[in-house]
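S.K.: Sharing run38.txt here; it has compact mmCIF, C-alpha atoms and all ligand atoms.
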```txt
# COMPACT_ATOMS: atom_id res chain seq x y z
CA MET A 473 -7.92 133.29 -24.65
CA THR A 474 -9.62 130.08 -25.65
CA ASN A 475 -10.82 129.77 -29.18
CA SER A 476 -14.15 128.57 -27.94
CA PRO A 477 -16.62 127.78 -30.66
CA ARG A 478 -19.77 129.82 -31.06
CA ALA A 479 -21.94 126.86 -31.72
CA ARG A 480 -21.19 123.23 -31.33
CA SER A 481 -23.43 120.23 -31.57
CA GLN A 482 -23.56 118.20 -28.41
CA PRO A 483 -21.10 115.34 -28.41
CA THR A 484 -22.95 112.10 -28.79
CA LEU A 485 -20.46 109.71 -27.21
CA GLY A 486 -18.59 109.86 -23.94
CA THR A 487 -14.85 109.63 -24.36
CA THR A 488 -12.79 106.71 -23.16
CA PRO A 489 -11.08 107.57 -19.87
CA SER A 490 -7.34 107.94 -19.59
CA GLN A 491 -5.36 105.42 -17.55
CA THR A 492 -1.74 105.39 -16.52
CA VAL A 493 0.87 104.23 -19.03
CA GLY A 494 2.15 102.04 -16.17
CA PRO A 495 5.73 100.87 -15.63
CA PHE A 496 6.00 98.37 -18.49
CA PHE A 497 5.43 100.29 -21.73
CA ALA A 498 9.14 100.05 -22.50
CA LEU A 499 9.22 96.28 -22.94
CA PRO A 500 11.20 95.11 -25.98
CA GLU A 501 9.56 96.39 -29.18
CA GLY A 502 7.18 98.37 -26.95
CA LEU A 503 6.35 102.05 -27.18
CA PRO A 504 9.89 103.45 -27.50
CA TRP A 505 11.29 103.29 -31.01
CA PRO A 506 15.00 103.16 -31.80
CA ASP A 507 14.80 106.42 -33.76
CA GLY A 508 12.05 107.85 -31.59
CA PRO A 509 14.12 110.75 -30.24
CA GLU A 510 15.44 111.77 -33.67
CA LEU A 511 13.11 114.11 -35.48
CA VAL A 512 15.96 114.97 -37.83
CA THR A 513 19.25 113.34 -38.72
CA GLU A 514 22.50 114.53 -37.24
CA ASP A 515 23.64 116.19 -40.46
CA THR A 516 20.52 118.33 -40.80
CA PRO A 517 21.38 122.04 -40.90
CA HIS A 518 20.54 123.77 -37.59
CA ALA A 519 19.88 120.44 -35.83
CA PHE A 520 20.48 120.50 -32.10
CA VAL A 521 19.99 118.15 -29.19
CA LEU A 522 17.40 119.00 -26.58
CA ARG A 523 18.09 117.26 -23.29
CA GLY A 524 16.21 117.17 -20.06
CA GLN A 525 15.41 115.35 -16.91
CA LEU A 526 12.03 114.35 -15.48
CA VAL A 527 11.95 114.84 -11.70
CA ASP A 528 9.28 113.96 -9.13
CA GLY A 529 8.07 115.80 -6.03
CA ALA A 530 10.88 114.39 -3.87
CA GLY A 531 13.46 115.69 -6.35
CA ASP A 532 14.16 112.15 -7.52
CA PRO A 533 14.50 111.29 -11.19
CA VAL A 534 11.57 109.49 -12.80
CA PRO A 535 13.14 106.45 -14.49
CA ASP A 536 9.93 105.13 -16.03
CA GLY A 537 8.60 108.13 -17.87
CA LEU A 538 7.84 108.63 -21.55
CA ILE A 539 8.23 112.03 -23.15
CA GLU A 540 6.66 112.87 -26.51
CA ILE A 541 7.08 116.09 -28.44
CA TRP A 542 5.18 117.62 -31.35
CA GLN A 543 6.27 120.70 -33.25
CA ALA A 544 6.24 122.61 -36.53
CA ASP A 545 9.19 122.68 -38.91
CA GLU A 546 11.58 125.62 -39.15
CA ARG A 547 9.13 127.58 -41.27
CA GLY A 548 6.26 126.94 -38.90
CA ARG A 549 4.63 124.26 -41.03
CA PHE A 550 3.00 120.97 -40.14
CA ALA A 551 2.66 117.90 -42.32
CA HIS A 552 -1.02 117.75 -41.46
CA PRO A 553 -4.25 118.24 -43.43
CA ASP A 554 -5.86 120.35 -40.69
CA ASP A 555 -3.32 123.11 -41.15
CA PRO A 556 -5.46 125.50 -43.23
CA ARG A 557 -2.34 127.18 -44.60
CA GLY A 558 -1.65 124.01 -46.57
CA THR A 559 0.76 121.18 -46.13
CA THR A 560 4.13 122.17 -47.50
CA THR A 561 6.45 120.04 -45.39
CA SER A 562 7.26 116.42 -44.82
CA PHE A 563 8.82 117.09 -41.42
CA ARG A 564 7.76 114.33 -39.03
CA GLY A 565 7.48 116.75 -36.12
CA PHE A 566 7.06 113.97 -33.58
CA GLY A 567 9.53 112.48 -31.14
CA ARG A 568 9.25 109.91 -28.40
CA CYS A 569 11.84 109.11 -25.75
CA ALA A 570 11.64 106.95 -22.62
CA THR A 571 13.50 108.35 -19.63
CA ASP A 572 16.60 106.47 -18.45
CA GLN A 573 17.54 105.48 -14.90
CA GLN A 574 18.46 109.11 -14.19
CA GLY A 575 15.15 110.36 -15.56
CA ARG A 576 16.93 111.79 -18.60
CA PHE A 577 15.50 112.14 -22.09
CA TRP A 578 16.72 113.72 -25.32
CA PHE A 579 15.60 114.67 -28.81
CA ARG A 580 17.41 115.78 -31.94
CA THR A 581 15.37 118.42 -33.69
CA VAL A 582 15.32 121.89 -35.19
CA ARG A 583 13.78 125.08 -33.88
CA PRO A 584 10.18 125.44 -35.07
CA GLY A 585 8.98 128.63 -36.68
CA GLY A 586 6.49 130.96 -35.04
CA LEU A 587 2.80 130.41 -35.67
CA PRO A 588 -0.26 132.58 -36.34
CA THR A 589 -3.32 132.00 -34.19
CA PRO A 590 -6.98 132.30 -35.21
CA ARG A 591 -7.11 135.53 -33.17
CA GLY A 592 -4.42 137.24 -35.17
CA GLU A 593 -1.79 136.77 -32.52
CA TRP A 594 1.61 135.28 -33.13
CA GLU A 595 2.94 132.38 -31.08
CA ALA A 596 6.67 132.25 -30.40
CA PRO A 597 8.56 129.12 -31.51
CA HIS A 598 7.49 126.33 -29.20
CA ILE A 599 7.35 122.56 -28.86
CA ASP A 600 4.34 120.81 -27.33
CA VAL A 601 5.23 118.10 -24.83
CA THR A 602 3.29 115.12 -23.46
CA VAL A 603 4.59 113.59 -20.22
CA LEU A 604 3.54 110.04 -19.34
CA ALA A 605 4.62 107.84 -16.44
CA ARG A 606 3.57 105.28 -13.92
CA GLY A 607 1.71 107.14 -11.17
CA MET A 608 0.18 109.55 -13.68
CA LEU A 609 -3.42 108.74 -14.48
CA ASN A 610 -3.57 111.21 -17.33
CA ARG A 611 -0.93 112.75 -19.51
CA LEU A 612 0.58 116.08 -18.60
CA VAL A 613 1.08 118.69 -21.27
CA THR A 614 3.66 121.44 -21.28
CA ARG A 615 5.44 123.62 -23.84
CA ILE A 616 9.08 124.31 -24.50
CA TYR A 617 10.05 127.85 -25.52
CA PHE A 618 13.47 129.17 -26.48
CA PRO A 619 15.40 131.51 -24.18
CA ASP A 620 16.79 133.75 -26.93
CA GLU A 621 13.41 134.58 -28.53
CA THR A 622 12.95 137.57 -26.27
CA ARG A 623 10.63 139.59 -28.51
CA ALA A 624 8.59 136.67 -29.77
CA ASN A 625 8.22 135.27 -26.26
CA ALA A 626 7.07 138.65 -24.94
CA ALA A 627 4.26 138.67 -27.51
CA ASP A 628 3.28 135.03 -27.05
CA PRO A 629 -0.31 134.72 -25.79
CA VAL A 630 0.32 131.46 -23.93
CA LEU A 631 3.38 132.72 -22.06
CA GLU A 632 1.61 135.96 -21.34
CA ALA A 633 -1.18 134.13 -19.53
CA VAL A 634 1.31 132.48 -17.17
CA GLU A 635 2.34 134.42 -14.07
CA GLU A 636 5.75 135.90 -14.65
CA ARG A 637 7.43 134.07 -11.79
CA ARG A 638 6.62 130.68 -13.33
CA ARG A 639 7.27 131.50 -17.00
CA LYS A 640 10.89 130.45 -16.78
CA THR A 641 9.79 126.83 -16.25
CA LEU A 642 8.65 126.91 -19.89
CA LEU A 643 11.97 128.20 -21.21
CA ALA A 644 14.71 125.83 -22.30
CA GLU A 645 18.27 126.79 -21.37
CA HIS A 646 21.30 126.83 -23.62
CA ASP A 647 23.80 124.04 -23.09
CA ASP A 648 26.80 122.53 -24.93
CA THR A 649 24.81 120.55 -27.46
CA GLY A 650 21.78 122.72 -27.85
CA PHE A 651 19.16 123.16 -25.18
CA ARG A 652 18.16 121.76 -21.85
CA PHE A 653 14.60 121.51 -20.57
CA ASP A 654 13.88 119.86 -17.24
CA ILE A 655 10.39 118.83 -16.22
CA ARG A 656 9.55 119.05 -12.51
CA LEU A 657 6.29 117.41 -11.54
CA GLN A 658 6.07 119.17 -8.16
CA GLY A 659 7.95 121.60 -5.94
CA ASP A 660 8.83 125.28 -5.81
CA ASP A 661 9.88 125.28 -9.42
CA GLU A 662 7.13 122.95 -10.62
CA THR A 663 6.84 123.12 -14.41
CA VAL A 664 3.78 124.88 -15.75
CA PHE A 665 1.40 122.25 -17.12
CA PHE A 666 -1.62 122.83 -19.30
CA VAL A 667 -5.06 121.48 -19.97
CA LEU A 668 -6.28 121.82 -23.49
CA MET B 732 -1.83 137.48 -41.14
CA ALA B 733 -3.50 140.66 -42.36
CA THR B 734 -5.30 142.97 -39.97
CA ASP B 735 -7.81 145.71 -40.77
CA THR B 736 -7.74 149.26 -39.38
CA ASN B 737 -9.41 148.19 -36.16
CA GLY B 738 -6.65 145.69 -35.57
CA LYS B 739 -8.98 142.79 -36.19
CA HIS B 740 -7.57 140.09 -38.37
CA THR B 741 -9.23 139.67 -41.69
CA ASP B 742 -7.98 136.33 -42.96
CA ASP B 743 -9.73 133.63 -41.06
CA LEU B 744 -7.44 130.91 -39.86
CA VAL B 745 -10.15 128.35 -39.30
CA LEU B 746 -9.18 125.56 -36.93
CA PRO B 747 -11.18 122.71 -35.49
CA THR B 748 -11.94 122.88 -31.78
CA TYR B 749 -11.81 119.71 -29.76
CA ALA B 750 -14.44 119.38 -27.05
CA ARG B 751 -13.20 119.13 -23.48
CA ASP B 752 -13.97 115.85 -21.74
CA ASP B 753 -12.54 116.39 -18.27
CA THR B 754 -15.29 114.45 -16.49
CA SER B 755 -14.27 111.20 -18.18
CA HIS B 756 -10.77 111.21 -16.77
CA PRO B 757 -9.28 110.33 -13.41
CA ALA B 758 -7.80 113.00 -11.17
CA LEU B 759 -4.02 113.17 -11.35
CA HIS B 760 -4.08 113.17 -7.56
CA THR B 761 -5.68 109.88 -6.59
CA PRO B 762 -4.33 108.98 -3.13
CA GLU B 763 -5.50 105.35 -3.30
CA TYR B 764 -3.01 104.91 -6.15
CA ARG B 765 0.06 105.65 -4.12
CA SER B 766 2.46 106.46 -6.92
CA THR B 767 0.40 109.52 -7.82
CA ALA B 768 1.58 111.24 -4.62
CA LEU B 769 4.89 112.58 -5.93
CA ARG B 770 3.83 112.75 -9.56
CA ASN B 771 0.80 115.01 -9.61
CA PRO B 772 1.32 118.75 -10.06
CA GLN B 773 0.32 120.79 -7.03
CA ARG B 774 -0.39 123.98 -8.91
CA PRO B 775 -3.42 124.68 -11.05
CA LEU B 776 -3.09 123.73 -14.69
CA HIS B 777 -3.17 126.56 -17.20
CA LEU B 778 -5.55 126.53 -20.13
CA LEU B 779 -3.76 125.96 -23.43
CA PRO B 780 -5.67 127.43 -26.36
CA GLN B 781 -6.18 125.04 -29.25
CA ASN B 782 -3.99 126.65 -31.86
CA LEU B 783 -2.10 125.15 -34.80
CA THR B 784 0.22 122.95 -32.74
CA GLU B 785 -2.66 121.50 -30.73
CA VAL B 786 -5.11 120.77 -33.57
CA THR B 787 -2.47 119.02 -35.65
CA GLY B 788 -0.60 115.93 -34.54
CA PRO B 789 1.65 113.15 -35.68
CA LEU B 790 0.17 111.10 -38.50
CA LEU B 791 2.30 108.03 -38.01
CA GLY B 792 1.83 105.70 -40.87
CA HIS B 793 1.99 102.14 -41.96
CA GLU B 794 5.78 102.22 -41.88
CA ARG B 795 5.45 101.75 -38.12
CA VAL B 796 3.47 98.53 -38.49
CA GLY B 797 5.04 95.21 -39.43
CA GLU B 798 3.26 92.27 -41.01
CA HIS B 799 2.68 90.37 -37.74
CA ASP B 800 2.32 93.31 -35.43
CA HIS B 801 -1.45 92.92 -35.12
CA ASP B 802 -1.23 89.21 -34.27
CA LEU B 803 0.59 88.64 -31.00
CA THR B 804 0.22 84.88 -31.34
CA VAL B 805 2.43 84.49 -34.43
CA GLN B 806 5.43 86.62 -33.53
CA HIS B 807 7.58 83.67 -32.44
CA GLU B 808 8.50 80.13 -33.44
CA GLY B 809 5.83 78.57 -31.29
CA GLU B 810 2.45 79.59 -30.04
CA PRO B 811 2.04 81.47 -26.79
CA LEU B 812 0.26 79.75 -23.94
CA GLY B 813 -3.12 81.01 -22.90
CA GLU B 814 -6.59 81.66 -24.14
CA ARG B 815 -6.54 83.01 -27.70
CA ILE B 816 -8.70 86.08 -28.17
CA VAL B 817 -9.55 88.51 -30.95
CA VAL B 818 -9.82 92.11 -29.75
CA SER B 819 -11.40 94.43 -32.26
CA GLY B 820 -13.45 97.58 -32.39
CA ARG B 821 -13.49 101.08 -33.73
CA VAL B 822 -11.72 104.28 -32.90
CA LEU B 823 -14.34 107.04 -32.97
CA ASP B 824 -14.52 110.63 -31.88
CA SER B 825 -17.15 111.92 -29.49
CA ASP B 826 -19.18 113.19 -32.47
CA GLY B 827 -19.47 109.55 -33.50
CA ARG B 828 -17.16 109.90 -36.48
CA PRO B 829 -14.62 107.18 -37.21
CA VAL B 830 -10.95 108.04 -36.80
CA PRO B 831 -9.31 106.43 -39.85
CA ASP B 832 -5.64 105.65 -40.47
CA THR B 833 -4.50 106.18 -36.92
CA LEU B 834 -1.87 104.12 -35.15
CA VAL B 835 -3.09 101.89 -32.30
CA GLU B 836 -0.41 100.45 -30.03
CA VAL B 837 -1.04 97.79 -27.36
CA TRP B 838 1.04 96.07 -24.73
CA GLN B 839 0.12 93.50 -22.13
CA ALA B 840 1.19 90.79 -19.70
CA ASN B 841 1.25 87.16 -20.81
CA ALA B 842 -1.34 84.59 -19.74
CA ALA B 843 0.44 84.15 -16.42
CA GLY B 844 0.37 87.86 -15.64
CA ARG B 845 4.03 88.56 -16.43
CA TYR B 846 5.45 91.28 -18.67
CA ARG B 847 8.56 90.74 -20.73
CA HIS B 848 10.14 93.69 -18.96
CA SER B 849 13.20 93.69 -16.74
CA GLY B 850 11.31 95.61 -14.08
CA ASP B 851 8.58 93.01 -13.70
CA ARG B 852 9.38 91.03 -10.53
CA HIS B 853 6.22 88.93 -10.44
CA PRO B 854 7.45 85.33 -10.01
CA ALA B 855 5.25 84.01 -12.79
CA PRO B 856 6.71 82.34 -15.88
CA LEU B 857 7.76 84.25 -18.96
CA ASP B 858 6.50 82.79 -22.20
CA PRO B 859 9.25 82.50 -24.84
CA ASN B 860 6.55 82.74 -27.50
CA PHE B 861 4.95 85.92 -26.32
CA SER B 862 6.27 89.48 -26.47
CA GLY B 863 3.04 91.19 -25.53
CA VAL B 864 3.37 94.07 -27.99
CA GLY B 865 1.07 94.89 -30.89
CA ARG B 866 0.49 97.66 -33.40
CA CYS B 867 -2.01 98.29 -36.14
CA MET B 868 -3.58 101.11 -38.13
CA THR B 869 -7.30 101.77 -38.16
CA ASP B 870 -8.97 101.38 -41.55
CA GLU B 871 -11.15 103.98 -43.26
CA GLN B 872 -14.04 103.07 -40.90
CA GLY B 873 -11.83 103.50 -37.84
CA ARG B 874 -11.71 99.74 -37.32
CA TYR B 875 -8.79 97.92 -35.75
CA ARG B 876 -8.22 94.25 -34.91
CA PHE B 877 -5.70 92.34 -32.82
CA VAL B 878 -5.25 88.63 -32.18
CA THR B 879 -3.65 87.89 -28.84
CA ILE B 880 -4.01 85.82 -25.70
CA LYS B 881 -5.96 86.88 -22.65
CA PRO B 882 -3.57 88.57 -20.20
CA GLY B 883 -3.38 87.31 -16.64
CA ALA B 884 -3.99 89.39 -13.53
CA TYR B 885 -0.85 90.33 -11.63
CA PRO B 886 0.05 91.50 -8.15
CA TRP B 887 1.60 94.87 -7.41
CA ARG B 888 2.64 96.61 -4.25
CA ASN B 889 0.17 99.45 -4.08
CA HIS B 890 -1.65 98.09 -1.02
CA ASP B 891 -1.90 94.84 0.88
CA ASN B 892 -2.61 91.96 -1.50
CA ALA B 893 -3.16 94.29 -4.45
CA TRP B 894 -3.87 92.76 -7.88
CA ARG B 895 -4.39 94.44 -11.19
CA PRO B 896 -7.45 93.17 -13.05
CA ALA B 897 -6.58 91.63 -16.42
CA HIS B 898 -6.03 94.47 -18.88
CA ILE B 899 -4.48 95.44 -22.19
CA HIS B 900 -2.76 98.83 -22.44
CA PHE B 901 -3.79 100.96 -25.42
CA SER B 902 -2.07 104.01 -26.91
CA LEU B 903 -3.89 106.20 -29.45
CA PHE B 904 -2.95 109.29 -31.39
CA GLY B 905 -6.11 110.29 -33.21
CA ARG B 906 -5.44 113.09 -35.65
CA ALA B 907 -4.56 115.92 -33.28
CA PHE B 908 -2.32 116.53 -30.29
CA THR B 909 -5.52 117.18 -28.31
CA GLN B 910 -6.71 113.63 -28.96
CA ARG B 911 -3.71 111.72 -27.61
CA LEU B 912 -4.94 108.99 -25.26
CA ILE B 913 -3.34 106.27 -23.17
CA THR B 914 -5.85 103.90 -21.63
CA GLN B 915 -6.38 100.31 -20.50
CA MET B 916 -8.98 97.84 -21.69
CA TYR B 917 -10.55 95.62 -19.04
CA PHE B 918 -12.60 92.43 -19.33
CA PRO B 919 -16.26 92.08 -18.36
CA GLY B 920 -17.09 90.91 -14.84
CA ASP B 921 -13.54 90.94 -13.52
CA PRO B 922 -13.70 90.17 -9.77
CA LEU B 923 -10.68 92.41 -9.11
CA PHE B 924 -12.28 95.73 -10.10
CA PHE B 925 -13.44 96.56 -6.58
CA GLN B 926 -9.91 96.75 -5.16
CA ASP B 927 -8.08 98.30 -8.11
CA PRO B 928 -7.37 102.00 -7.55
CA ILE B 929 -6.39 102.53 -11.18
CA PHE B 930 -9.71 101.26 -12.54
CA GLN B 931 -11.57 102.99 -9.68
CA SER B 932 -9.75 106.26 -10.32
CA VAL B 933 -12.40 106.88 -12.97
CA ARG B 934 -15.18 108.06 -10.68
CA ASP B 935 -18.11 108.12 -13.09
CA PRO B 936 -19.49 104.57 -13.36
CA LYS B 937 -20.60 105.18 -16.95
CA ALA B 938 -17.13 106.34 -17.92
CA ARG B 939 -15.66 103.31 -16.16
CA GLU B 940 -17.81 101.03 -18.27
CA ARG B 941 -16.28 102.55 -21.37
CA MET B 942 -12.99 100.89 -20.40
CA ILE B 943 -14.57 97.42 -20.34
CA CYS B 944 -14.77 95.45 -23.56
CA ARG B 945 -17.74 93.23 -24.31
CA PHE B 946 -17.81 89.62 -25.35
CA ASP B 947 -18.27 89.53 -29.12
CA LEU B 948 -19.67 86.25 -30.37
CA ASP B 949 -19.76 87.43 -33.99
CA SER B 950 -16.00 87.96 -34.04
CA THR B 951 -15.09 84.64 -32.49
CA ILE B 952 -13.23 82.19 -34.69
CA PRO B 953 -14.99 78.85 -34.30
CA GLU B 954 -12.83 76.18 -32.72
CA TRP B 955 -9.98 78.68 -32.49
CA ALA B 956 -10.49 81.92 -30.53
CA LEU B 957 -12.95 83.87 -28.42
CA ALA B 958 -13.48 87.53 -29.15
CA TYR B 959 -14.05 90.86 -27.43
CA HIS B 960 -15.21 94.18 -28.83
CA PHE B 961 -13.74 97.45 -27.60
CA ASP B 962 -14.59 100.84 -29.08
CA ILE B 963 -12.36 103.75 -28.14
CA VAL B 964 -13.76 107.26 -28.18
CA LEU B 965 -11.45 110.25 -28.57
CA ARG B 966 -12.39 113.91 -28.26
CA GLY B 967 -14.49 115.18 -31.13
CA SER B 968 -14.19 118.39 -33.13
CA ARG B 969 -16.17 120.51 -35.46
CA ALA B 970 -14.54 123.06 -37.68
CA THR B 971 -16.00 126.34 -36.44
CA PRO B 972 -15.43 129.60 -38.30
CA PHE B 973 -14.59 132.50 -36.03
CA GLU B 974 -17.02 134.82 -37.73
CA ASN B 975 -18.32 136.52 -34.59
CA GLU B 976 -15.08 138.01 -33.38
CA ASP B 977 -17.01 141.01 -31.99
CA ASP B 978 -18.91 139.18 -29.30
CA ASP B 979 -15.94 137.06 -28.47
CA ASP B 980 -14.80 138.19 -25.07
CA ASP B 981 -11.23 137.52 -24.42
CA ASP B 982 -11.15 137.70 -20.65
FE FE A 1001 -0.30 96.63 -16.90
```
Kindly present the structure from the file in structure tokens form.
M.R.:
Amino acid sequence: MTNSPRARSQPTLGTTPSQTVGPFFALPEGLPWPDGPELVTEDTPHAFVLRGQLVDGAGDPVPDGLIEIWQADERGRFAHPDDPRGTTTSFRGFGRCATDQQGRFWFRTVRPGGLPTPRGEWEAPHIDVTVLARGMLNRLVTRIYFPDETRANAADPVLEAVEERRRKTLLAEHDDTGFRFDIRLQGDDETVFFVL
Amino acid sequence: MATDTNGKHTDDLVLPTYARDDTSHPALHTPEYRSTALRNPQRPLHLLPQNLTEVTGPLLGHERVGEHDHDLTVQHEGEPLGERIVVSGRVLDSDGRPVPDTLVEVWQANAAGRYRHSGDRHPAPLDPNFSGVGRCMTDEQGRYRFVTIKPGAYPWRNHDNAWRPAHIHFSLFGRAFTQRLITQMYFPGDPLFFQDPIFQSVRDPKARERMICRFDLDSTIPEWALAYHFDIVLRGSRATPFENEDDDDDD
């Protein structure tokens, strides 16, 4: 399932290690931006709000987390030169939101399109997520899928590789304003996290 | 995407593949750093293939960087207290290639070891002339440069008489979601390394050294500021065509 390369030259430099984001990234003018959670404006057609809560292993909210998302536009396009299909969008695709005292975060965005893979598969609409917080020495990565994409989700190679019992942790739920996606760092319903 | 009669796809969607670098990084579960206890997943991580979403990433541009964002000593009326330093270096990938036009964000304590953050309870003075936040873009050679003051060490409650070594927090995007990195830059010869579980969470001594800047005489500003050099290495990639689909075992 990995797109491992056939031949790769040995890396020449060791990478810089990850360290925790710590508790103080949200100082004034720090990492969070005023419009960080808004990938699109409120009047954008099909825009919705995605809300969630970051929860630790004791079930307590994480009030000092930072959530970042990265996604394609509605047609499955990225404003990025490494998309070999060409760059036909100006969609920012990136959002950043610090959690509040209740561990809550939100984004205003649109549903991304599905995506082809190099293996000829088709990925269901999804949003990549980075979770950062004090007490986390490296980022965690997860994906948000949409609950009403039954057929696309059933064919998605990433979801398929996750044991069925845990797949629901990758599915957002419908709510009043759009979708809800909670992130649980530990516990019976621990979110599925990825290495990549 | 077109497929031929054998169900194999015929248009190659050629994507870069970013090399794994797991041995550089600390374990999410590092008991000496107590806050990891409730914040590290207990279940095995799944492997996420590097598909379109992973090999692309936000290309945040110059609109995020203000005129004085790279110079933390000129962001206020007066000058901040402390030892002025220049911190510069390059953002490279592990293939040794520069990472140009990428946003570098930094944040740090002031010279007394205090952050301008409501959650910082260290009874050390705030400095009205120091915010402790910087941003810049790398140039076409991957170079970046900040002017700031040397941050102070500060106590925290991880263990008895725990102190963080002086450090500057760095956030990097690179060009792909795979390359996102949050790290901390430390100063050479800091006497607090031995007792710091965050620094020590990187087990490989060589990898640890990659978090320590070096004194950089050439970048000093005579009669004004000392200087340190800090290169940051992100995961490298090589565009690899998937021409040998036949001997590619999927399981
Ligand atoms: Fe710090």
S.K.: Any residue with an atom at most 8 Å from ligand FE 1001 (chain A) counts, using only C-alpha atoms and all ligand atoms. Which are they? Put them as a list of chain:residue names.
M.R.: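 Counting only what the definition allows, namely only C-alpha atoms and all ligand atoms, the set is A:Val493, A:Gly494, A:Pro495, A:Phe496, B:Trp838, B:Gln839, B:Ala840, B:Arg895, B:His898, B:Ile899, B:His900, B:Gln915.
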S.K.: Kindly give the distance, in Å, that separates atom CA of A:Asp555 and atom CA of B:Thr784, rounded to a single decimal.
M.R.: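 Atom-to-atom, atom CA of A:Asp555 and atom CA of B:Thr784 are spaced 9.1 Å apart.
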S.K.: Show me which bits of chain A are within 7 Å of chain B, counting only C-alpha atoms, as a compact mmCIF listing (two decimals) with C-alpha atoms, keeping the file's coordinate frame.
M.R.:
```txt
# COMPACT_ATOMS: atom_id res chain seq x y z
CA MET A 473 -7.92 133.29 -24.65
CA THR A 474 -9.62 130.08 -25.65
CA ASN A 475 -10.82 129.77 -29.18
CA PRO A 477 -16.62 127.78 -30.66
CA PRO A 483 -21.10 115.34 -28.41
CA THR A 484 -22.95 112.10 -28.79
CA LEU A 485 -20.46 109.71 -27.21
CA GLY A 486 -18.59 109.86 -23.94
CA THR A 487 -14.85 109.63 -24.36
CA THR A 488 -12.79 106.71 -23.16
CA PRO A 489 -11.08 107.57 -19.87
CA SER A 490 -7.34 107.94 -19.59
CA GLN A 491 -5.36 105.42 -17.55
CA THR A 492 -1.74 105.39 -16.52
CA VAL A 493 0.87 104.23 -19.03
CA PHE A 496 6.00 98.37 -18.49
CA PHE A 497 5.43 100.29 -21.73
CA LEU A 499 9.22 96.28 -22.94
CA GLU A 501 9.56 96.39 -29.18
CA GLY A 502 7.18 98.37 -26.95
CA ASP A 528 9.28 113.96 -9.13
CA GLY A 529 8.07 115.80 -6.03
CA ALA A 530 10.88 114.39 -3.87
CA TRP A 542 5.18 117.62 -31.35
CA GLN A 543 6.27 120.70 -33.25
CA HIS A 552 -1.02 117.75 -41.46
CA ASP A 554 -5.86 120.35 -40.69
CA ASP A 555 -3.32 123.11 -41.15
CA PRO A 556 -5.46 125.50 -43.23
CA GLY A 565 7.48 116.75 -36.12
CA PHE A 566 7.06 113.97 -33.58
CA THR A 589 -3.32 132.00 -34.19
CA PRO A 590 -6.98 132.30 -35.21
CA ARG A 591 -7.11 135.53 -33.17
CA GLY A 592 -4.42 137.24 -35.17
CA GLY A 607 1.71 107.14 -11.17
CA MET A 608 0.18 109.55 -13.68
CA LEU A 609 -3.42 108.74 -14.48
CA ASN A 610 -3.57 111.21 -17.33
CA VAL A 630 0.32 131.46 -23.93
CA LEU A 657 6.29 117.41 -11.54
CA GLN A 658 6.07 119.17 -8.16
CA PHE A 665 1.40 122.25 -17.12
CA PHE A 666 -1.62 122.83 -19.30
CA VAL A 667 -5.06 121.48 -19.97
CA LEU A 668 -6.28 121.82 -23.49
```
S.K.: Would you list the contacts of A:Gly548 as number ranges by chain, taking every protein, DNA or RNA residue within 10 Å and counting all atoms listed in the file, but skipping same-chain residues closer than 6 positions in sequence?
M.R.: A: 561, 583-588, 597-598; B: 783-784
S.K.: Using all atoms listed in the file, list the residues that have an atom at most 10 Å from (13.8, 127.2, -23.1), coordinates as in the file, as a CSV table (one decimal) with C-alpha atoms, in the frame of the given file.
M.R.:
```csv
chain,number,residue,atom,x,y,z
A,522,LEU,CA,17.4,119.0,-26.6
A,598,HIS,CA,7.5,126.3,-29.2
A,599,ILE,CA,7.4,122.6,-28.9
A,615,ARG,CA,5.4,123.6,-23.8
A,616,ILE,CA,9.1,124.3,-24.5
A,617,TYR,CA,10.0,127.8,-25.5
A,618,PHE,CA,13.5,129.2,-26.5
A,619,PRO,CA,15.4,131.5,-24.2
A,620,ASP,CA,16.8,133.8,-26.9
A,621,GLU,CA,13.4,134.6,-28.5
A,639,ARG,CA,7.3,131.5,-17.0
A,640,LYS,CA,10.9,130.4,-16.8
A,641,THR,CA,9.8,126.8,-16.2
A,642,LEU,CA,8.6,126.9,-19.9
A,643,LEU,CA,12.0,128.2,-21.2
A,644,ALA,CA,14.7,125.8,-22.3
A,645,GLU,CA,18.3,126.8,-21.4
A,646,HIS,CA,21.3,126.8,-23.6
A,651,PHE,CA,19.2,123.2,-25.2
A,652,ARG,CA,18.2,121.8,-21.8
A,653,PHE,CA,14.6,121.5,-20.6
A,654,ASP,CA,13.9,119.9,-17.2
```
S.K.: Find the residues around stretch 512-518 of chain A up to 8 Å (only C-alpha atoms counted), leave out those fewer than 2 positions away in its own chain, and share them as a PyMOL selection string.
M.R.: chain A and resi 510+520+580-583
S.K.: Interatomic distance between atom CA of A:Arg637 and atom CA of A:Arg623?
M.R.: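 A separation of 17.9 Å between them.
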S.K.: Find, counting all atoms listed in the file, the residue in B:Gly792, B:Pro829, B:Pro859, B:Pro854 that gets nearest to B:Pro811.
M.R.: B:Pro859
S.K.: Report the distance between atom CA of A:Asp572 and atom CA of A:Ile541 in Å, rounded to one decimal place.
M.R.: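 One can read the atom CA of A:Asp572 to atom CA of A:Ile541 distance as 16.8 Å.
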S.K.: May I have the residues within 8 Å of A:Arg576 as a PyMOL selection string, using all atoms listed in the file and disregarding those fewer than 6 positions away in the same chain?
M.R.: chain A and resi 523-526+533+535
S.K.: In file coordinates, which residues lie within 6 Å of (-12.5, 94.6, -23.2) using only C-alpha atoms, given as a list in words?
M.R.: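 It turns out the residues near that spot are Met916, Tyr917, Phe918, Ile943, Cys944, Arg945, Tyr959 and Phe961 of chain B.
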